[in-house]
>>> print(open('query28.cif').read())   # mmCIF, N, CA, C and O atoms
data_work
loop_
_atom_site.label_atom_id
_atom_site.label_comp_id
_atom_site.auth_asym_id
_atom_site.auth_seq_id
_atom_site.Cartn_x
_atom_site.Cartn_y
_atom_site.Cartn_z
N MET A 1 0.82 -1.20 0.00
CA MET A 1 0.00 0.00 0.00
C MET A 1 0.87 1.26 0.00
O MET A 1 0.57 2.21 -0.68
N ALA A 2 1.95 1.26 0.77
CA ALA A 2 2.81 2.44 0.84
C ALA A 2 3.50 2.69 -0.49
O ALA A 2 3.70 3.84 -0.88
N LYS A 3 3.86 1.61 -1.18
CA LYS A 3 4.50 1.77 -2.48
C LYS A 3 3.54 2.40 -3.48
O LYS A 3 3.92 3.23 -4.30
N TRP A 4 2.26 2.02 -3.42
CA TRP A 4 1.24 2.58 -4.30
C TRP A 4 1.06 4.06 -4.02
O TRP A 4 0.98 4.86 -4.95
N LYS A 5 1.03 4.46 -2.75
CA LYS A 5 0.90 5.87 -2.39
C LYS A 5 2.11 6.67 -2.88
O LYS A 5 1.97 7.77 -3.37
N ARG A 6 3.28 6.11 -2.75
CA ARG A 6 4.49 6.81 -3.18
C ARG A 6 4.50 6.99 -4.69
O ARG A 6 4.87 8.04 -5.19
N SER A 7 4.08 5.97 -5.43
CA SER A 7 4.08 6.10 -6.88
C SER A 7 3.02 7.11 -7.32
O SER A 7 3.23 7.83 -8.30
N LEU A 8 1.92 7.18 -6.60
CA LEU A 8 0.90 8.19 -6.91
C LEU A 8 1.43 9.59 -6.65
O LEU A 8 1.23 10.51 -7.45
N ALA A 9 2.17 9.75 -5.56
CA ALA A 9 2.76 11.06 -5.25
C ALA A 9 3.83 11.42 -6.28
O ALA A 9 3.91 12.57 -6.73
N ASP A 10 4.63 10.46 -6.68
CA ASP A 10 5.64 10.72 -7.71
C ASP A 10 4.99 11.12 -9.03
O ASP A 10 5.48 12.02 -9.71
N ALA A 11 3.90 10.46 -9.38
CA ALA A 11 3.19 10.82 -10.62
C ALA A 11 2.64 12.23 -10.53
O ALA A 11 2.70 13.00 -11.50
N PHE A 12 2.10 12.60 -9.37
CA PHE A 12 1.56 13.95 -9.19
C PHE A 12 2.65 15.00 -9.35
O PHE A 12 2.48 15.99 -10.05
N TRP A 13 3.81 14.78 -8.69
CA TRP A 13 4.88 15.79 -8.76
C TRP A 13 5.52 15.84 -10.14
O TRP A 13 5.97 16.90 -10.58
N THR A 14 5.55 14.72 -10.85
CA THR A 14 6.04 14.74 -12.23
C THR A 14 5.11 15.55 -13.11
O THR A 14 5.56 16.36 -13.93
N TRP A 15 3.83 15.35 -12.95
CA TRP A 15 2.84 16.13 -13.70
C TRP A 15 2.96 17.61 -13.35
O TRP A 15 2.90 18.47 -14.23
N ASP A 16 3.14 17.92 -12.09
CA ASP A 16 3.29 19.31 -11.66
C ASP A 16 4.54 19.93 -12.28
O ASP A 16 4.50 21.08 -12.73
N GLN A 17 5.62 19.20 -12.34
CA GLN A 17 6.85 19.72 -12.92
C GLN A 17 6.68 19.97 -14.41
O GLN A 17 7.17 20.97 -14.95
N LEU A 18 5.96 19.09 -15.10
CA LEU A 18 5.71 19.29 -16.52
C LEU A 18 4.86 20.54 -16.78
O LEU A 18 5.00 21.19 -17.82
N LEU A 19 4.00 20.87 -15.84
CA LEU A 19 3.16 22.07 -15.98
C LEU A 19 3.84 23.34 -15.50
O LEU A 19 3.23 24.40 -15.49
N GLY A 20 5.08 23.25 -15.07
CA GLY A 20 5.82 24.43 -14.63
C GLY A 20 5.80 24.63 -13.14
O GLY A 20 5.87 25.75 -12.65
N GLY A 21 5.71 23.57 -12.38
CA GLY A 21 5.62 23.65 -10.94
C GLY A 21 6.90 24.05 -10.22
O GLY A 21 6.90 24.22 -9.02
N GLN A 22 8.00 24.20 -10.94
CA GLN A 22 9.25 24.59 -10.32
C GLN A 22 9.40 26.12 -10.24
O GLN A 22 10.37 26.61 -9.70
N ARG A 23 8.46 26.84 -10.81
CA ARG A 23 8.54 28.30 -10.79
C ARG A 23 8.13 28.86 -9.44
O ARG A 23 7.37 28.25 -8.69
N ARG A 24 8.60 30.07 -9.15
CA ARG A 24 8.23 30.74 -7.90
C ARG A 24 6.73 31.06 -7.92
O ARG A 24 6.20 31.43 -8.95
N PRO A 25 6.06 30.96 -6.77
CA PRO A 25 4.65 31.29 -6.73
C PRO A 25 4.41 32.80 -6.83
O PRO A 25 5.23 33.60 -6.36
N THR A 26 3.30 33.16 -7.43
CA THR A 26 2.93 34.57 -7.52
C THR A 26 2.32 35.01 -6.20
O THR A 26 2.10 34.21 -5.29
N ARG A 27 2.00 36.29 -6.10
CA ARG A 27 1.43 36.82 -4.87
C ARG A 27 0.06 36.19 -4.59
O ARG A 27 -0.26 35.87 -3.44
N ILE A 28 -0.74 35.98 -5.61
CA ILE A 28 -2.05 35.37 -5.42
C ILE A 28 -1.90 33.91 -4.99
O ILE A 28 -2.64 33.44 -4.12
N GLN A 29 -0.95 33.20 -5.57
CA GLN A 29 -0.73 31.81 -5.17
C GLN A 29 -0.28 31.71 -3.72
O GLN A 29 -0.66 30.78 -3.01
N LYS A 30 0.52 32.66 -3.26
CA LYS A 30 0.93 32.68 -1.85
C LYS A 30 -0.28 32.89 -0.95
O LYS A 30 -0.42 32.24 0.08
N TRP A 31 -1.15 33.84 -1.33
CA TRP A 31 -2.34 34.13 -0.52
C TRP A 31 -3.25 32.91 -0.46
O TRP A 31 -3.75 32.55 0.60
N VAL A 32 -3.47 32.27 -1.59
CA VAL A 32 -4.35 31.10 -1.65
C VAL A 32 -3.79 29.96 -0.82
O VAL A 32 -4.53 29.27 -0.11
N ALA A 33 -2.48 29.75 -0.87
CA ALA A 33 -1.87 28.65 -0.11
C ALA A 33 -1.97 28.89 1.39
O ALA A 33 -2.08 27.95 2.16
N ARG A 34 -1.94 30.15 1.80
CA ARG A 34 -2.05 30.45 3.23
C ARG A 34 -3.49 30.35 3.73
O ARG A 34 -3.72 30.11 4.91
N ARG A 35 -4.45 30.55 2.84
CA ARG A 35 -5.86 30.59 3.24
C ARG A 35 -6.73 29.72 2.33
O ARG A 35 -7.51 30.24 1.53
N PRO A 36 -6.64 28.39 2.43
CA PRO A 36 -7.42 27.54 1.54
C PRO A 36 -8.93 27.65 1.77
O PRO A 36 -9.71 27.58 0.82
N VAL A 37 -9.34 27.84 3.01
CA VAL A 37 -10.77 27.99 3.28
C VAL A 37 -11.28 29.31 2.72
O VAL A 37 -12.36 29.38 2.13
N GLY A 38 -10.49 30.36 2.86
CA GLY A 38 -10.87 31.66 2.30
C GLY A 38 -10.97 31.61 0.79
O GLY A 38 -11.87 32.21 0.19
N ALA A 39 -10.06 30.88 0.16
CA ALA A 39 -10.11 30.75 -1.30
C ALA A 39 -11.37 29.99 -1.72
O ALA A 39 -12.02 30.35 -2.71
N GLY A 40 -11.71 28.97 -0.96
CA GLY A 40 -12.94 28.23 -1.26
C GLY A 40 -14.18 29.09 -1.10
O GLY A 40 -15.09 29.04 -1.92
N LEU A 41 -14.20 29.91 -0.05
CA LEU A 41 -15.35 30.80 0.14
C LEU A 41 -15.42 31.88 -0.92
O LEU A 41 -16.51 32.25 -1.37
N CYS A 42 -14.27 32.39 -1.33
CA CYS A 42 -14.24 33.42 -2.38
C CYS A 42 -14.76 32.87 -3.70
O CYS A 42 -15.24 33.63 -4.54
N ALA A 43 -14.65 31.59 -3.91
CA ALA A 43 -15.18 30.98 -5.13
C ALA A 43 -16.63 30.55 -4.95
O ALA A 43 -17.42 30.66 -5.88
N ALA A 44 -16.97 30.08 -3.76
CA ALA A 44 -18.30 29.51 -3.55
C ALA A 44 -19.40 30.56 -3.45
O ALA A 44 -20.48 30.39 -4.03
N LEU A 45 -19.15 31.63 -2.73
CA LEU A 45 -20.20 32.61 -2.51
C LEU A 45 -20.69 33.29 -3.79
O LEU A 45 -21.90 33.35 -4.04
N PRO A 46 -19.80 33.82 -4.63
CA PRO A 46 -20.31 34.43 -5.86
C PRO A 46 -21.04 33.43 -6.77
O PRO A 46 -22.05 33.76 -7.38
N PHE A 47 -20.52 32.20 -6.82
CA PHE A 47 -21.17 31.19 -7.66
C PHE A 47 -22.56 30.85 -7.12
O PHE A 47 -23.51 30.69 -7.89
N THR A 48 -22.69 30.76 -5.80
CA THR A 48 -23.99 30.48 -5.20
C THR A 48 -24.97 31.61 -5.47
O THR A 48 -26.13 31.36 -5.86
N PHE A 49 -24.53 32.85 -5.28
CA PHE A 49 -25.42 33.98 -5.54
C PHE A 49 -25.80 34.09 -7.01
O PHE A 49 -26.92 34.45 -7.35
N PHE A 50 -24.87 33.74 -7.90
CA PHE A 50 -25.17 33.74 -9.32
C PHE A 50 -26.25 32.70 -9.64
O PHE A 50 -27.19 32.99 -10.38
N CYS A 51 -26.13 31.52 -9.06
CA CYS A 51 -27.14 30.48 -9.29
C CYS A 51 -28.48 30.87 -8.68
O CYS A 51 -29.53 30.53 -9.22
N LEU A 52 -28.44 31.58 -7.56
CA LEU A 52 -29.69 32.01 -6.94
C LEU A 52 -30.41 33.06 -7.78
O LEU A 52 -31.64 33.09 -7.83
N THR A 53 -29.67 33.93 -8.44
CA THR A 53 -30.31 34.95 -9.27
C THR A 53 -30.94 34.32 -10.51
O THR A 53 -31.89 34.87 -11.05
N LEU A 54 -30.43 33.18 -10.94
CA LEU A 54 -31.00 32.50 -12.09
C LEU A 54 -32.21 31.64 -11.73
O LEU A 54 -32.94 31.21 -12.62
N SER A 55 -32.40 31.36 -10.45
CA SER A 55 -33.47 30.46 -10.05
C SER A 55 -34.83 31.16 -10.14
O SER A 55 -34.95 32.38 -10.05
N ARG A 56 -35.85 30.34 -10.32
CA ARG A 56 -37.22 30.86 -10.39
C ARG A 56 -37.88 30.67 -9.04
O ARG A 56 -37.54 29.75 -8.28
N GLU A 57 -38.83 31.51 -8.73
CA GLU A 57 -39.48 31.45 -7.41
C GLU A 57 -40.40 30.25 -7.27
O GLU A 57 -40.66 29.79 -6.17
N ASP A 58 -40.92 29.73 -8.35
CA ASP A 58 -41.84 28.59 -8.26
C ASP A 58 -41.12 27.25 -8.17
O ASP A 58 -41.76 26.22 -8.04
N GLU A 59 -39.80 27.26 -8.21
CA GLU A 59 -39.01 26.03 -8.12
C GLU A 59 -38.20 26.03 -6.83
O GLU A 59 -37.15 26.65 -6.75
N PRO A 60 -38.64 25.33 -5.79
CA PRO A 60 -37.87 25.32 -4.53
C PRO A 60 -36.57 24.52 -4.64
O PRO A 60 -35.65 24.73 -3.87
N ASP A 61 -36.47 23.62 -5.60
CA ASP A 61 -35.24 22.84 -5.75
C ASP A 61 -34.10 23.68 -6.29
O ASP A 61 -32.94 23.29 -6.17
N ASP A 62 -34.40 24.81 -6.90
CA ASP A 62 -33.34 25.66 -7.42
C ASP A 62 -32.46 26.21 -6.30
O ASP A 62 -31.26 26.40 -6.49
N PHE A 63 -33.06 26.45 -5.12
CA PHE A 63 -32.28 26.93 -3.99
C PHE A 63 -31.28 25.86 -3.55
O PHE A 63 -30.11 26.16 -3.31
N LEU A 64 -31.72 24.62 -3.47
CA LEU A 64 -30.81 23.54 -3.08
C LEU A 64 -29.72 23.33 -4.13
O LEU A 64 -28.57 23.07 -3.79
N PHE A 65 -30.09 23.44 -5.40
CA PHE A 65 -29.10 23.32 -6.46
C PHE A 65 -28.04 24.41 -6.33
O PHE A 65 -26.85 24.15 -6.47
N ALA A 66 -28.46 25.63 -6.05
CA ALA A 66 -27.52 26.75 -5.92
C ALA A 66 -26.57 26.52 -4.74
O ALA A 66 -25.37 26.75 -4.86
N VAL A 67 -27.11 26.08 -3.63
CA VAL A 67 -26.29 25.85 -2.44
C VAL A 67 -25.29 24.71 -2.67
O VAL A 67 -24.09 24.85 -2.38
N PHE A 68 -25.78 23.61 -3.23
CA PHE A 68 -24.88 22.47 -3.45
C PHE A 68 -23.85 22.74 -4.53
O PHE A 68 -22.71 22.31 -4.43
N SER A 69 -24.23 23.49 -5.56
CA SER A 69 -23.24 23.81 -6.59
C SER A 69 -22.19 24.78 -6.04
O SER A 69 -21.00 24.66 -6.36
N GLY A 70 -22.60 25.74 -5.23
CA GLY A 70 -21.64 26.63 -4.58
C GLY A 70 -20.71 25.88 -3.64
O GLY A 70 -19.51 26.14 -3.59
N LEU A 71 -21.27 24.93 -2.92
CA LEU A 71 -20.46 24.10 -2.03
C LEU A 71 -19.44 23.28 -2.82
O LEU A 71 -18.27 23.17 -2.43
N ALA A 72 -19.87 22.73 -3.94
CA ALA A 72 -18.95 21.95 -4.78
C ALA A 72 -17.82 22.82 -5.30
O ALA A 72 -16.66 22.41 -5.31
N MET A 73 -18.15 24.03 -5.76
CA MET A 73 -17.10 24.93 -6.25
C MET A 73 -16.14 25.29 -5.12
O MET A 73 -14.92 25.36 -5.33
N GLY A 74 -16.66 25.53 -3.93
CA GLY A 74 -15.80 25.85 -2.79
C GLY A 74 -14.86 24.71 -2.44
O GLY A 74 -13.68 24.94 -2.14
N VAL A 75 -15.36 23.49 -2.47
CA VAL A 75 -14.52 22.34 -2.16
C VAL A 75 -13.43 22.17 -3.22
O VAL A 75 -12.26 21.92 -2.89
N ILE A 76 -13.80 22.34 -4.48
CA ILE A 76 -12.80 22.20 -5.56
C ILE A 76 -11.70 23.25 -5.41
O ILE A 76 -10.51 22.94 -5.50
N PHE A 77 -12.08 24.50 -5.18
CA PHE A 77 -11.08 25.55 -5.04
C PHE A 77 -10.27 25.37 -3.76
O PHE A 77 -9.08 25.67 -3.73
N GLY A 78 -10.90 24.90 -2.69
CA GLY A 78 -10.17 24.64 -1.45
C GLY A 78 -9.14 23.54 -1.61
O GLY A 78 -8.01 23.66 -1.12
N LEU A 79 -9.50 22.47 -2.31
CA LEU A 79 -8.54 21.39 -2.54
C LEU A 79 -7.41 21.84 -3.45
O LEU A 79 -6.26 21.42 -3.28
N THR A 80 -7.73 22.69 -4.41
CA THR A 80 -6.68 23.25 -5.26
C THR A 80 -5.73 24.10 -4.44
O THR A 80 -4.51 24.08 -4.66
N ALA A 81 -6.25 24.84 -3.47
CA ALA A 81 -5.41 25.66 -2.60
C ALA A 81 -4.51 24.79 -1.73
O ALA A 81 -3.34 25.12 -1.50
N VAL A 82 -5.02 23.67 -1.27
CA VAL A 82 -4.20 22.75 -0.47
C VAL A 82 -3.08 22.16 -1.34
O VAL A 82 -1.94 22.03 -0.89
N ALA A 83 -3.39 21.85 -2.59
CA ALA A 83 -2.35 21.35 -3.50
C ALA A 83 -1.28 22.41 -3.74
O ALA A 83 -0.09 22.10 -3.82
N GLU A 84 -1.69 23.66 -3.82
CA GLU A 84 -0.71 24.74 -3.99
C GLU A 84 0.15 24.88 -2.74
O GLU A 84 1.35 25.13 -2.82
N ARG A 85 -0.44 24.69 -1.58
CA ARG A 85 0.34 24.74 -0.33
C ARG A 85 1.39 23.64 -0.32
O ARG A 85 2.55 23.87 0.05
N LEU A 86 1.00 22.45 -0.76
CA LEU A 86 1.96 21.34 -0.83
C LEU A 86 3.07 21.63 -1.83
O LEU A 86 4.23 21.29 -1.60
N ARG A 87 2.73 22.24 -2.94
CA ARG A 87 3.73 22.59 -3.94
C ARG A 87 4.74 23.58 -3.37
O ARG A 87 5.94 23.45 -3.57
N GLN A 88 4.25 24.56 -2.64
CA GLN A 88 5.15 25.56 -2.05
C GLN A 88 6.04 24.94 -0.98
O GLN A 88 7.21 25.29 -0.86
N ARG A 89 5.52 24.02 -0.20
CA ARG A 89 6.35 23.32 0.78
C ARG A 89 7.45 22.53 0.09
O ARG A 89 8.59 22.47 0.56
N ARG A 90 7.10 21.91 -1.02
CA ARG A 90 8.09 21.13 -1.77
C ARG A 90 9.17 22.04 -2.34
O ARG A 90 10.35 21.69 -2.32
N LEU A 91 8.80 23.21 -2.84
CA LEU A 91 9.79 24.15 -3.36
C LEU A 91 10.75 24.59 -2.27
O LEU A 91 11.97 24.71 -2.50
N LYS A 92 10.25 24.81 -1.06
CA LYS A 92 11.11 25.17 0.06
C LYS A 92 12.04 24.02 0.43
O LYS A 92 13.23 24.22 0.68
N ARG A 93 11.47 22.82 0.47
CA ARG A 93 12.27 21.65 0.85
C ARG A 93 13.40 21.39 -0.15
O ARG A 93 14.50 21.02 0.23
N LEU A 94 13.13 21.60 -1.44
CA LEU A 94 14.14 21.38 -2.47
C LEU A 94 15.13 22.53 -2.59
O LEU A 94 16.12 22.44 -3.30
N GLY A 95 14.86 23.65 -1.90
CA GLY A 95 15.75 24.79 -1.95
C GLY A 95 15.58 25.65 -3.20
O GLY A 95 16.45 26.46 -3.50
N LEU A 96 14.47 25.50 -3.90
CA LEU A 96 14.23 26.28 -5.11
C LEU A 96 13.59 27.64 -4.81
O LEU A 96 13.54 28.50 -5.68
N TRP A 97 13.08 27.78 -3.58
CA TRP A 97 12.39 29.01 -3.20
C TRP A 97 12.59 29.21 -1.72
O TRP A 97 12.53 28.27 -0.92
N ASP A 98 12.83 30.45 -1.31
CA ASP A 98 13.12 30.70 0.10
C ASP A 98 11.87 31.03 0.92
O ASP A 98 11.97 31.21 2.13
N GLY A 99 10.73 31.14 0.32
CA GLY A 99 9.50 31.39 1.05
C GLY A 99 9.13 32.84 1.18
O GLY A 99 8.18 33.19 1.86
N SER A 100 9.86 33.72 0.53
CA SER A 100 9.54 35.16 0.67
C SER A 100 8.74 35.65 -0.51
O SER A 100 8.61 35.06 -1.53
#
>>> encode(input="query28.cif", output="structure tokens")
Amino acid sequence: MAKWKRSLADAFWTWDQLLGGQRRPTRIQKWVARRPVGAGLCAALPFTFFCLTLSREDEPDDFLFAVFSGLAMGVIFGLTAVAERLRQRRLKRLGLWDGS
């Protein structure tokens, strides 16, 4: 099981390196990595309100759709922020970035 996890992590970091993961993070990437919950909320709230403005008053399920779709967007952006945090930790560990 541990070997499988390690190979999955190696595949992830190889993919990240191919996409340019060795570059220094921008100011926005630093902010997102420090605040993954805030990044998720910043994505979820506008999306939820946008879905609510499109909903009709005679459809009560539209409210639930808006809430769940906003929640899904928040989770996706939050997990992306956690991945960015891991990338920045790796850059520090490898000595490619000093953290400033």
>>> atom_distance(input="query28.cif", atom1="CA of Cys42 in chain A", atom2="atom O of Arg23 in chain A")
23.1 Å
>>> closest_residue(input="query28.cif", among="A:Ser100, A:Gln17, A:Gln22, A:Gln29", to="Arg85 in chain A", atoms="only N, CA, C and O atoms")
A:Gln29
>>> closest_residue(input="query28.cif", among="A:Phe77, A:Trp13, A:Trp97, A:Phe68", to="Pro36 in chain A", atoms="only C-alpha atoms")
A:Phe77
>>> atom_distance(input="query28.cif", atom1="CA of Lys92 in chain A", atom2="atom C of Val37 in chain A")
22.9 Å
>>> atom_distance(input="query28.cif", atom1="CA of Thr80 in chain A", atom2="CA of Thr14 in chain A")
16.8 Å
>>> resolve_selection(input="query28.cif", expression="the PyMOL selection byres (((chain A and resi 40 and name CA) around 8) and name CA)", output="number ranges by chain")
A: 36-39, 41-44, 73-78
>>> closest_residue(input="query28.cif", among="A:Ala33, A:Leu94, A:Val82, A:Ala66", to="Thr53 in chain A", atoms="only C-alpha atoms")
A:Ala66
>>> select_by_dssp(input="query28.cif", residues="chain A", states="alpha helix (DSSP H)", output="number ranges by chain")
A: 2-18, 27-34, 36-54, 61-94
>>> residues_around(input="query28.cif", residues="Leu54 in chain A", least_positions_apart="6", cutoff="12 Å", atoms="only C-alpha atoms", output="list in words")
Phe47, Thr48, Asp62, Phe63, Phe65 and Ala66 of chain A
>>> write_last_selection(input="query28.cif", atoms="N, CA, C and O atoms", output="PDB file, keeping the file's coordinate frame")
ATOM      1  N   PHE A  47     -20.520  32.200  -6.820  1.00  0.00           N
ATOM      2  CA  PHE A  47     -21.170  31.190  -7.660  1.00  0.00           C
ATOM      3  C   PHE A  47     -22.560  30.850  -7.120  1.00  0.00           C
ATOM      4  O   PHE A  47     -23.510  30.690  -7.890  1.00  0.00           O
ATOM      5  N   THR A  48     -22.690  30.760  -5.800  1.00  0.00           N
ATOM      6  CA  THR A  48     -23.990  30.480  -5.200  1.00  0.00           C
ATOM      7  C   THR A  48     -24.970  31.610  -5.470  1.00  0.00           C
ATOM      8  O   THR A  48     -26.130  31.360  -5.860  1.00  0.00           O
ATOM      9  N   ASP A  62     -34.400  24.810  -6.900  1.00  0.00           N
ATOM     10  CA  ASP A  62     -33.340  25.660  -7.420  1.00  0.00           C
ATOM     11  C   ASP A  62     -32.460  26.210  -6.300  1.00  0.00           C
ATOM     12  O   ASP A  62     -31.260  26.400  -6.490  1.00  0.00           O
ATOM     13  N   PHE A  63     -33.060  26.450  -5.120  1.00  0.00           N
ATOM     14  CA  PHE A  63     -32.280  26.930  -3.990  1.00  0.00           C
ATOM     15  C   PHE A  63     -31.280  25.860  -3.550  1.00  0.00           C
ATOM     16  O   PHE A  63     -30.110  26.160  -3.310  1.00  0.00           O
ATOM     17  N   PHE A  65     -30.090  23.440  -5.400  1.00  0.00           N
ATOM     18  CA  PHE A  65     -29.100  23.320  -6.460  1.00  0.00           C
ATOM     19  C   PHE A  65     -28.040  24.410  -6.330  1.00  0.00           C
ATOM     20  O   PHE A  65     -26.850  24.150  -6.470  1.00  0.00           O
ATOM     21  N   ALA A  66     -28.460  25.630  -6.050  1.00  0.00           N
ATOM     22  CA  ALA A  66     -27.520  26.750  -5.920  1.00  0.00           C
ATOM     23  C   ALA A  66     -26.570  26.520  -4.740  1.00  0.00           C
ATOM     24  O   ALA A  66     -25.370  26.750  -4.860  1.00  0.00           O
TER      25      ALA A  66
END
